[in-house]
>>> print(open('data_14.cif').read())   # mmCIF, C-alpha atoms
data_run
#
loop_
_atom_site.label_atom_id
_atom_site.label_comp_id
_atom_site.auth_asym_id
_atom_site.auth_seq_id
_atom_site.Cartn_x
_atom_site.Cartn_y
_atom_site.Cartn_z
CA MET C 1 139.02 -276.37 -81.87
CA LEU C 2 135.41 -276.89 -80.84
CA GLU C 3 135.53 -273.97 -78.41
CA ASN C 4 135.77 -271.70 -81.45
CA LEU C 5 132.32 -272.65 -82.71
CA GLN C 6 129.74 -269.88 -82.66
CA PRO C 7 125.99 -270.30 -82.03
CA GLN C 8 123.98 -270.38 -85.24
CA PRO C 9 120.56 -268.75 -85.68
CA ALA C 10 117.80 -270.94 -84.29
CA ASP C 11 115.43 -272.49 -86.82
CA LYS C 12 112.09 -270.71 -86.31
CA ILE C 13 110.02 -273.68 -87.46
CA LEU C 14 111.78 -276.06 -85.08
CA ALA C 15 111.34 -273.58 -82.24
CA LEU C 16 107.65 -273.32 -83.09
CA MET C 17 107.33 -277.12 -83.03
CA ALA C 18 108.92 -277.25 -79.58
CA ALA C 19 106.63 -274.53 -78.25
CA TYR C 20 103.58 -276.32 -79.61
CA LYS C 21 104.55 -279.62 -77.98
CA ALA C 22 105.14 -277.88 -74.65
CA ASP C 23 101.71 -276.19 -74.70
CA PRO C 24 99.38 -278.19 -72.39
CA ARG C 25 96.14 -276.91 -73.96
CA GLU C 26 94.09 -279.61 -75.65
CA ALA C 27 92.53 -277.17 -78.13
CA LYS C 28 95.84 -275.92 -79.57
CA VAL C 29 96.20 -275.87 -83.38
CA ASP C 30 99.47 -276.47 -85.24
CA LEU C 31 99.55 -274.47 -88.48
CA GLY C 32 103.30 -274.01 -88.54
CA VAL C 33 105.02 -277.21 -89.66
CA GLY C 34 105.03 -277.76 -93.44
CA VAL C 35 103.74 -281.32 -93.34
CA TYR C 36 100.44 -282.59 -94.69
CA LYS C 37 98.01 -283.86 -92.04
CA ASP C 38 94.60 -285.45 -92.42
CA ALA C 39 91.51 -284.50 -90.41
CA THR C 40 92.76 -286.53 -87.42
CA GLY C 41 96.12 -284.75 -87.35
CA LEU C 42 97.99 -287.74 -88.78
CA THR C 43 100.42 -287.70 -91.69
CA PRO C 44 99.20 -290.94 -93.28
CA ILE C 45 101.07 -293.48 -95.38
CA MET C 46 99.42 -293.52 -98.79
CA ARG C 47 97.77 -296.75 -99.90
CA ALA C 48 100.01 -297.17 -102.93
CA VAL C 49 103.11 -296.66 -100.81
CA LYS C 50 101.96 -299.38 -98.39
CA GLU C 51 101.32 -301.77 -101.26
CA ALA C 52 104.65 -300.98 -102.95
CA GLU C 53 106.47 -301.64 -99.67
CA LYS C 54 104.81 -305.03 -99.34
CA ARG C 55 105.85 -305.95 -102.86
CA LEU C 56 109.39 -304.65 -102.37
CA TRP C 57 109.77 -306.68 -99.18
CA GLU C 58 108.93 -309.80 -101.16
CA VAL C 59 111.32 -309.25 -104.05
CA GLU C 60 114.21 -307.11 -102.78
CA ASP C 61 117.30 -309.28 -102.58
CA THR C 62 120.07 -306.82 -101.69
CA LYS C 63 120.81 -303.67 -99.73
CA SER C 64 123.93 -302.89 -101.70
CA TYR C 65 124.59 -299.40 -103.02
CA THR C 66 122.92 -298.04 -106.10
CA GLY C 67 124.97 -295.90 -108.50
CA LEU C 68 126.25 -292.47 -107.52
CA VAL C 69 123.21 -290.82 -109.10
CA GLY C 70 120.71 -293.44 -107.95
CA ASP C 71 118.55 -295.74 -110.06
CA VAL C 72 118.10 -294.59 -113.66
CA ASN C 73 114.55 -295.99 -113.61
CA PHE C 74 113.72 -293.45 -110.89
CA HIS C 75 115.14 -290.68 -113.08
CA HIS C 76 112.92 -291.61 -115.99
CA ALA C 77 109.81 -292.12 -113.86
CA MET C 78 110.27 -288.63 -112.41
CA ARG C 79 111.00 -287.17 -115.84
CA ASP C 80 107.68 -288.58 -117.01
CA LEU C 81 105.82 -287.24 -113.97
CA ILE C 82 107.25 -283.72 -114.01
CA LEU C 83 108.09 -283.12 -117.67
CA GLY C 84 105.78 -285.46 -119.57
CA GLU C 85 106.90 -285.62 -123.18
CA THR C 86 108.56 -282.20 -123.28
CA VAL C 87 112.16 -283.43 -122.84
CA ALA C 88 113.88 -286.24 -124.74
CA VAL C 89 116.23 -288.55 -122.89
CA GLU C 90 119.23 -287.24 -124.84
CA ASN C 91 118.65 -283.78 -123.35
CA PHE C 92 118.19 -285.01 -119.80
CA ALA C 93 120.62 -285.59 -116.92
CA ALA C 94 119.59 -286.39 -113.35
CA ALA C 95 120.73 -287.47 -109.92
CA ALA C 96 118.77 -288.74 -106.95
CA THR C 97 119.28 -286.68 -103.78
CA PRO C 98 118.35 -286.80 -100.09
CA GLY C 99 115.04 -284.97 -100.42
CA GLY C 100 114.19 -281.74 -102.17
CA THR C 101 116.61 -279.85 -99.95
CA GLY C 102 119.40 -282.08 -101.23
CA ALA C 103 118.36 -281.32 -104.79
CA ILE C 104 118.44 -277.56 -104.17
CA ARG C 105 121.84 -277.83 -102.48
CA GLN C 106 123.29 -279.89 -105.34
CA GLY C 107 121.82 -277.51 -107.93
CA LEU C 108 123.39 -274.52 -106.22
CA GLU C 109 126.72 -276.35 -106.00
CA LEU C 110 126.51 -277.02 -109.74
CA ILE C 111 125.81 -273.34 -110.42
CA GLY C 112 128.80 -272.37 -108.29
CA MET C 113 131.05 -274.71 -110.29
CA ALA C 114 129.77 -273.59 -113.68
CA SER C 115 129.40 -269.86 -113.05
CA PRO C 116 130.80 -268.67 -109.71
CA ASP C 117 130.05 -265.01 -110.46
CA ALA C 118 126.38 -265.62 -111.23
CA THR C 119 123.75 -264.08 -108.97
CA VAL C 120 120.92 -266.32 -107.80
CA TRP C 121 117.62 -264.42 -107.78
CA ILE C 122 115.04 -265.61 -105.25
CA SER C 123 111.44 -264.55 -104.71
CA ALA C 124 110.57 -262.20 -101.88
CA PRO C 125 109.46 -264.04 -99.83
CA THR C 126 110.62 -267.61 -100.37
CA TRP C 127 111.24 -270.87 -98.51
CA PRO C 128 113.86 -270.03 -95.82
CA ASN C 129 116.17 -272.85 -96.93
CA HIS C 130 116.77 -271.09 -100.25
CA PRO C 131 118.59 -268.01 -98.90
CA SER C 132 120.14 -270.01 -96.06
CA ILE C 133 121.93 -272.42 -98.40
CA ILE C 134 122.89 -269.68 -100.86
CA LYS C 135 124.46 -267.64 -98.08
CA TYR C 136 126.22 -270.66 -96.62
CA LEU C 137 127.79 -271.40 -100.00
CA GLY C 138 128.95 -267.78 -100.31
CA MET C 139 127.05 -267.18 -103.54
CA ASN C 140 125.75 -263.89 -104.90
CA MET C 141 122.05 -263.44 -104.15
CA ALA C 142 119.34 -260.93 -105.03
CA GLU C 143 115.58 -260.78 -104.54
CA TYR C 144 112.77 -260.15 -106.97
CA ARG C 145 109.38 -258.93 -105.83
CA TYR C 146 106.80 -261.68 -105.84
CA PHE C 147 104.04 -261.14 -103.29
CA ASP C 148 101.81 -258.09 -103.00
CA GLU C 149 101.13 -257.88 -99.26
CA ALA C 150 98.05 -255.70 -99.72
CA ALA C 151 96.38 -257.76 -102.43
CA ARG C 152 97.69 -261.11 -101.11
CA ALA C 153 98.49 -262.00 -104.71
CA VAL C 154 101.45 -262.21 -107.07
CA ASP C 155 103.14 -258.85 -107.69
CA PHE C 156 103.80 -259.74 -111.30
CA ASN C 157 104.75 -256.27 -112.50
CA GLY C 158 107.26 -255.99 -109.67
CA MET C 159 108.62 -259.41 -110.54
CA LEU C 160 109.15 -258.49 -114.18
CA THR C 161 110.72 -255.15 -113.29
CA ASP C 162 113.21 -256.66 -110.86
CA LEU C 163 114.19 -259.55 -113.12
CA SER C 164 114.77 -257.13 -115.98
CA ASN C 165 117.74 -255.90 -113.92
CA ALA C 166 119.39 -259.34 -113.82
CA LYS C 167 122.49 -259.80 -115.94
CA PRO C 168 122.97 -262.51 -118.57
CA GLY C 169 123.99 -265.77 -116.94
CA ASP C 170 122.23 -265.05 -113.66
CA VAL C 171 120.00 -267.78 -112.22
CA VAL C 172 116.33 -267.29 -111.34
CA LEU C 173 114.97 -269.63 -108.67
CA LEU C 174 111.26 -270.20 -109.29
CA HIS C 175 108.60 -272.16 -107.42
CA GLY C 176 107.00 -274.65 -109.81
CA CYS C 177 103.62 -274.50 -108.07
CA CYS C 178 102.04 -273.92 -104.64
CA HIS C 179 104.42 -271.11 -103.70
CA ASN C 180 105.92 -271.48 -100.23
CA PRO C 181 105.19 -269.46 -98.10
CA THR C 182 102.46 -267.44 -99.80
CA GLY C 183 100.26 -269.89 -101.74
CA ALA C 184 100.05 -267.34 -104.58
CA ASN C 185 100.88 -268.88 -107.96
CA LEU C 186 101.76 -267.70 -111.45
CA ASN C 187 99.10 -268.41 -114.07
CA ALA C 188 99.80 -269.82 -117.53
CA GLN C 189 100.06 -266.41 -119.19
CA GLN C 190 102.49 -265.20 -116.55
CA TRP C 191 104.65 -268.31 -116.97
CA GLN C 192 104.82 -267.56 -120.68
CA GLU C 193 105.87 -263.96 -120.04
CA ILE C 194 108.53 -265.08 -117.55
CA ALA C 195 109.84 -267.57 -120.10
CA ASP C 196 110.08 -264.81 -122.71
CA LEU C 197 111.97 -262.56 -120.29
CA LEU C 198 114.39 -265.32 -119.29
CA LEU C 199 115.13 -266.07 -122.92
CA ALA C 200 115.55 -262.41 -123.88
CA LYS C 201 117.85 -261.67 -120.93
CA GLY C 202 119.90 -264.88 -121.12
CA LEU C 203 118.89 -265.98 -117.61
CA ILE C 204 118.95 -269.58 -116.34
CA PRO C 205 115.81 -270.89 -114.62
CA PHE C 206 116.10 -273.19 -111.60
CA VAL C 207 112.67 -274.57 -110.65
CA ASP C 208 111.93 -275.90 -107.17
CA ILE C 209 108.85 -278.14 -107.51
CA ALA C 210 107.94 -279.75 -104.19
CA TYR C 211 104.12 -279.82 -104.31
CA GLN C 212 103.08 -281.18 -107.69
CA GLY C 213 99.50 -282.43 -107.35
CA PHE C 214 98.68 -280.25 -104.34
CA GLY C 215 97.52 -277.21 -106.33
CA ASP C 216 95.37 -277.60 -109.44
CA GLY C 217 96.27 -281.22 -110.22
CA LEU C 218 99.30 -283.19 -111.40
CA GLU C 219 99.23 -281.96 -114.99
CA ALA C 220 98.20 -278.37 -114.32
CA ASP C 221 100.83 -277.95 -111.60
CA ALA C 222 103.54 -278.95 -114.08
CA TYR C 223 102.58 -276.37 -116.69
CA GLY C 224 105.23 -273.82 -115.76
CA VAL C 225 108.20 -276.17 -115.59
CA ARG C 226 107.13 -277.91 -118.81
CA HIS C 227 106.82 -274.59 -120.62
CA LEU C 228 110.32 -273.63 -119.51
CA ALA C 229 111.64 -277.03 -120.62
CA LYS C 230 110.24 -276.40 -124.11
CA THR C 231 111.47 -272.83 -124.44
CA GLN C 232 114.77 -272.43 -122.55
CA PRO C 233 118.25 -273.52 -123.69
CA GLU C 234 119.05 -274.74 -120.16
CA LEU C 235 116.97 -275.58 -117.12
CA LEU C 236 117.64 -276.95 -113.64
CA ILE C 237 114.89 -278.65 -111.64
CA GLY C 238 114.94 -279.64 -107.98
CA ALA C 239 112.02 -281.91 -107.08
CA SER C 240 110.76 -283.55 -103.91
CA CYS C 241 108.48 -286.55 -103.37
CA SER C 242 107.97 -285.83 -99.66
CA LYS C 243 104.58 -284.22 -100.03
CA ASN C 244 102.83 -285.82 -103.01
CA PHE C 245 103.91 -289.34 -102.02
CA GLY C 246 103.94 -288.70 -98.26
CA VAL C 247 107.41 -290.20 -97.89
CA TYR C 248 108.89 -287.38 -95.81
CA ARG C 249 111.30 -289.46 -93.75
CA GLU C 250 112.52 -291.46 -96.76
CA ARG C 251 114.15 -288.29 -98.20
CA VAL C 252 113.27 -288.73 -101.87
CA GLY C 253 114.50 -285.96 -104.17
CA ILE C 254 115.99 -285.47 -107.60
CA LEU C 255 118.03 -282.83 -109.41
CA MET C 256 117.54 -282.59 -113.16
CA ALA C 257 119.67 -280.69 -115.68
CA ILE C 258 118.06 -280.05 -119.07
CA ALA C 259 120.05 -278.79 -122.06
CA GLN C 260 118.75 -278.28 -125.59
CA ASP C 261 122.31 -278.86 -126.79
CA THR C 262 122.64 -282.64 -126.51
CA ALA C 263 126.44 -282.34 -126.52
CA LYS C 264 126.17 -281.02 -122.93
CA THR C 265 124.21 -283.97 -121.53
CA ASP C 266 127.12 -286.32 -120.90
CA LEU C 267 129.12 -283.67 -119.03
CA ASN C 268 126.02 -282.64 -117.07
CA GLN C 269 125.44 -286.24 -116.01
CA LYS C 270 129.06 -286.77 -114.97
CA THR C 271 129.04 -283.51 -113.01
CA LEU C 272 125.91 -284.55 -111.10
CA ALA C 273 127.61 -287.84 -110.22
CA PHE C 274 130.72 -285.95 -109.07
CA LEU C 275 128.66 -283.66 -106.83
CA ASN C 276 126.89 -286.58 -105.20
CA ARG C 277 130.24 -288.23 -104.56
CA GLN C 278 131.58 -285.14 -102.80
CA ASN C 279 128.52 -284.60 -100.60
CA PHE C 280 127.13 -288.01 -99.64
CA SER C 281 128.36 -290.56 -102.22
CA PHE C 282 125.34 -292.78 -102.86
CA PRO C 283 121.82 -291.37 -102.44
CA PRO C 284 119.15 -293.17 -100.40
CA ASP C 285 117.20 -295.69 -102.45
CA HIS C 286 114.26 -297.16 -100.52
CA GLY C 287 111.83 -294.27 -101.00
CA ALA C 288 112.96 -293.65 -104.56
CA ARG C 289 112.35 -297.30 -105.39
CA LEU C 290 108.83 -297.12 -103.95
CA VAL C 291 108.11 -294.02 -106.03
CA THR C 292 109.45 -295.77 -109.13
CA MET C 293 107.27 -298.81 -108.51
CA ILE C 294 104.19 -296.63 -108.10
CA LEU C 295 104.81 -294.51 -111.18
CA THR C 296 105.57 -297.48 -113.44
CA ASP C 297 102.73 -299.79 -112.32
CA PRO C 298 99.38 -298.66 -113.85
CA ALA C 299 97.25 -299.89 -110.95
CA LEU C 300 99.48 -298.42 -108.24
CA ARG C 301 99.80 -295.15 -110.13
CA ALA C 302 96.04 -294.84 -110.56
CA ASP C 303 95.42 -295.49 -106.85
CA TRP C 304 98.16 -293.02 -105.85
CA ALA C 305 96.79 -290.34 -108.18
CA ALA C 306 93.26 -290.84 -106.82
CA GLU C 307 94.38 -290.53 -103.21
CA LEU C 308 96.49 -287.48 -104.07
CA GLU C 309 93.46 -285.89 -105.70
CA ASP C 310 91.47 -286.49 -102.50
CA VAL C 311 94.22 -284.72 -100.56
CA ARG C 312 94.19 -281.80 -102.99
CA THR C 313 90.43 -281.33 -103.02
CA GLY C 314 90.31 -281.71 -99.25
CA MET C 315 92.69 -278.77 -98.85
CA LEU C 316 90.64 -276.72 -101.31
CA LYS C 317 87.53 -277.47 -99.25
CA LEU C 318 89.28 -276.28 -96.09
CA ARG C 319 90.37 -273.11 -97.87
CA GLN C 320 86.84 -272.35 -99.01
CA MET C 321 85.37 -273.09 -95.57
CA LEU C 322 87.86 -270.77 -93.87
CA ALA C 323 87.27 -267.99 -96.38
CA THR C 324 83.50 -268.35 -96.01
CA THR C 325 83.68 -268.42 -92.20
CA LEU C 326 85.82 -265.28 -92.16
CA GLN C 327 83.45 -263.57 -94.58
CA LYS C 328 80.59 -264.24 -92.17
CA ARG C 329 82.62 -263.15 -89.13
CA THR C 330 83.81 -259.89 -90.71
CA GLY C 331 81.10 -259.03 -93.23
CA SER C 332 83.99 -258.50 -95.65
CA ASP C 333 85.53 -260.38 -98.57
CA ARG C 334 89.05 -259.36 -97.62
CA PHE C 335 89.99 -262.97 -96.84
CA GLY C 336 88.79 -264.30 -100.17
CA PHE C 337 92.40 -264.77 -101.24
CA ILE C 338 92.60 -267.83 -98.97
CA ALA C 339 90.28 -269.70 -101.32
CA ASP C 340 92.26 -268.50 -104.34
CA HIS C 341 95.66 -269.65 -103.07
CA ARG C 342 96.91 -273.17 -103.74
CA GLY C 343 98.89 -275.79 -101.87
CA MET C 344 99.40 -276.11 -98.14
CA PHE C 345 100.30 -272.52 -97.36
CA SER C 346 98.84 -269.04 -97.26
CA ARG C 347 100.22 -265.90 -95.72
CA ILE C 348 97.27 -264.12 -94.12
CA GLY C 349 98.85 -260.71 -93.50
CA ALA C 350 99.06 -260.73 -89.71
CA THR C 351 101.84 -258.88 -87.93
CA PRO C 352 104.20 -260.82 -85.62
CA GLU C 353 102.34 -259.23 -82.70
CA GLN C 354 99.00 -260.47 -84.02
CA VAL C 355 100.44 -263.94 -84.59
CA GLU C 356 101.63 -263.98 -80.98
CA ALA C 357 98.23 -262.80 -79.76
CA MET C 358 96.54 -265.68 -81.57
CA ARG C 359 98.95 -268.12 -79.96
CA VAL C 360 98.39 -266.75 -76.46
CA SER C 361 94.61 -266.42 -76.62
CA HIS C 362 93.62 -269.37 -78.82
CA GLY C 363 96.60 -271.74 -79.02
CA ILE C 364 97.03 -271.02 -82.73
CA TYR C 365 100.61 -271.75 -83.81
CA MET C 366 101.79 -270.27 -87.10
CA VAL C 367 105.07 -268.82 -88.37
CA GLY C 368 105.75 -265.23 -87.34
CA ASP C 369 105.27 -263.91 -90.87
CA SER C 370 101.70 -265.34 -90.68
CA ARG C 371 102.34 -268.29 -92.98
CA MET C 372 99.84 -270.95 -92.05
CA ASN C 373 99.56 -274.57 -93.12
CA ILE C 374 96.01 -275.13 -94.36
CA ALA C 375 96.49 -278.90 -93.95
CA GLY C 376 96.79 -278.36 -90.18
CA LEU C 377 93.10 -277.44 -90.06
CA ASN C 378 89.92 -279.48 -89.94
CA GLU C 379 86.24 -278.59 -89.85
CA ALA C 380 86.28 -278.36 -86.05
CA THR C 381 89.23 -275.98 -85.80
CA ILE C 382 88.27 -273.58 -88.60
CA PRO C 383 85.88 -271.56 -86.35
CA THR C 384 88.61 -271.32 -83.70
CA LEU C 385 91.08 -269.95 -86.23
CA ALA C 386 88.52 -267.54 -87.65
CA ASP C 387 87.72 -266.19 -84.18
CA ALA C 388 91.44 -265.79 -83.44
CA ILE C 389 92.05 -263.90 -86.67
CA VAL C 390 89.15 -261.52 -86.05
CA GLU C 391 89.98 -260.93 -82.37
CA ALA C 392 93.62 -260.21 -83.24
CA GLY C 393 92.48 -257.50 -85.65
CA VAL C 394 94.02 -258.99 -88.79
#
>>> encode(input="data_14.cif", output="structure tokens")
Amino acid sequence: MLENLQPQPADKILALMAAYKADPREAKVDLGVGVYKDATGLTPIMRAVKEAEKRLWEVEDTKSYTGLVGDVNFHHAMRDLILGETVAVENFAAAATPGGTGAIRQGLELIGMASPDATVWISAPTWPNHPSIIKYLGMNMAEYRYFDEAARAVDFNGMLTDLSNAKPGDVVLLHGCCHNPTGANLNAQQWQEIADLLLAKGLIPFVDIAYQGFGDGLEADAYGVRHLAKTQPELLIGASCSKNFGVYRERVGILMAIAQDTAKTDLNQKTLAFLNRQNFSFPPDHGARLVTMILTDPALRADWAAELEDVRTGMLKLRQMLATTLQKRTGSDRFGFIADHRGMFSRIGATPEQVEAMRVSHGIYMVGDSRMNIAGLNEATIPTLADAIVEAGV
């Protein structure tokens, strides 16, 4: 049997990580991996997470399974964080998942069960896991324009035009904030127009929100998903706590199903439990319990929010410094978009050949489509990156 297996496409990010580790140069710069790093290159454990773990160690008295959908207290804490007061409990179903990827996978499985002929519309470009999972599940997929390569900004007219061709019942996968890989975000007015189009066309939104708090702040970053929750008959949300709580290896995610018709909630909840049972039975609990403790304890939540705000403003400072340095190097404002983008990523518009040239000459490692992780920079490496960008002719 095993001799019939065929090689699968290599993961470009993992290959980039391996190449970076093998590079002996001390001055190399890793801008490829989508993980937050501080100025020392460390992915730190947040203060509130440390404190919650100490408390949990003292009081936890069992390692038995949680329910199939995880701890309901985690569901409600995440509902409060992401949706605020926009969704009542009787309209809300949820299941804990192994990370945000698990939430996206479960959401797509749910779509396949409910509407196997539906097409899932994804942004061009998008996070590579989106099309990979959709293709693996054998689902219908289409792209809508999202990023204007020349302007390095949202191609909103193209987005509206393409989505106007979707058929009723199709699903539109949207990034809640801090678009990966481009860093270009919808503004409030654009979210409202998208909501109007979805409603008029009978389309189902599926929001992937993995970076809440990394863009314009916890509340501002939730504007789009909250507006959809208020205006759409149905909404799916896949959320991750990896970035904003720094619990990457704990695999903390959640899938939410929102329905204005409360009669659907019970079936939605039972279906989420069924899907978990088929894929992994019981979800991991440790990280989810830490998140719940932080979000439901006023002191821990305040400390977490303050540290998260420091992370956010630190990335904005790096963005502005890089944009300013490039302006001085080039005498042009053509890299001003870097300061305008939000979250960890920006796509700077380099060709694969230019990306390779930067790696060879300066030890700059970024994805071939020129997506770079701003959090991989610090004040010392910004001039190196700026020189590499200019010398490569970007």
>>> residues_around(input="data_14.cif", residues="Ile209 of chain C", least_positions_apart="5", cutoff="12 Å", atoms="all atoms listed in the file", output="number ranges by chain")
C: 78, 81-83, 99-101, 103-104, 127, 173-180, 214-215, 218, 221-226, 236-244, 253-256, 343
>>> axis_aligned_box(input="data_14.cif", around="segment 105-114 of chain C", padding_each_side="6 Å", output="lines of an AutoDock Vina configuration file")
center_x = 126.4
center_y = -276.1
center_z = -108.1
size_x = 21.2
size_y = 19.5
size_z = 23.2
>>> closest_residue(input="data_14.cif", among="C:Asp30, C:Phe156, C:Glu149, C:Lys21", to="Leu385 of chain C", atoms="all atoms listed in the file")
C:Asp30
>>> resolve_selection(input="data_14.cif", expression="the PyMOL selection byres ((chain C and resi 301-307) around 9)", output="list in words")
Met46, Arg47, Ala48, Val49, Gly213, Leu218, Phe245, Met293, Ile294, Leu295, Thr296, Asp297, Pro298, Ala299, Leu300, Leu308, Glu309, Asp310, Val311 and Arg312 of chain C
>>> resolve_selection(input="data_14.cif", expression="the PyMOL selection byres ((chain C and resi 326-341) around 7)", output="number ranges by chain")
C: 152, 183-184, 319-320, 322-325, 342, 346, 386
>>> atom_distance(input="data_14.cif", atom1="atom CA of Ala188 of chain C", atom2="atom CA of Ala88 of chain C")
22.8 Å
>>> atom_distance(input="data_14.cif", atom1="atom CA of Thr265 of chain C", atom2="atom CA of Ile134 of chain C")
25.2 Å
>>> closest_residue(input="data_14.cif", among="C:Thr97, C:Asn185, C:Gln260, C:Thr86", to="Ser123 of chain C", atoms="all atoms listed in the file")
C:Asn185
>>> closest_residue(input="data_14.cif", among="C:Asn268, C:Gln6, C:Ser281, C:Ser370", to="Gly67 of chain C", atoms="all atoms listed in the file")
C:Ser281
>>> atom_distance(input="data_14.cif", atom1="atom CA of Ile45 of chain C", atom2="atom CA of Lys63 of chain C")
22.6 Å
>>> closest_residue(input="data_14.cif", among="C:Ala392, C:Ile133, C:Leu290, C:Thr40", to="Asn73 of chain C", atoms="all atoms listed in the file")
C:Leu290
>>> resolve_selection(input="data_14.cif", expression="the PyMOL selection byres ((chain C and resi 201) around 9)", output="list in words")
Leu163, Ser164, Ala166, Lys167, Pro168, Gly169, Asp196, Leu197, Leu198, Leu199, Ala200, Gly202 and Leu203 of chain C
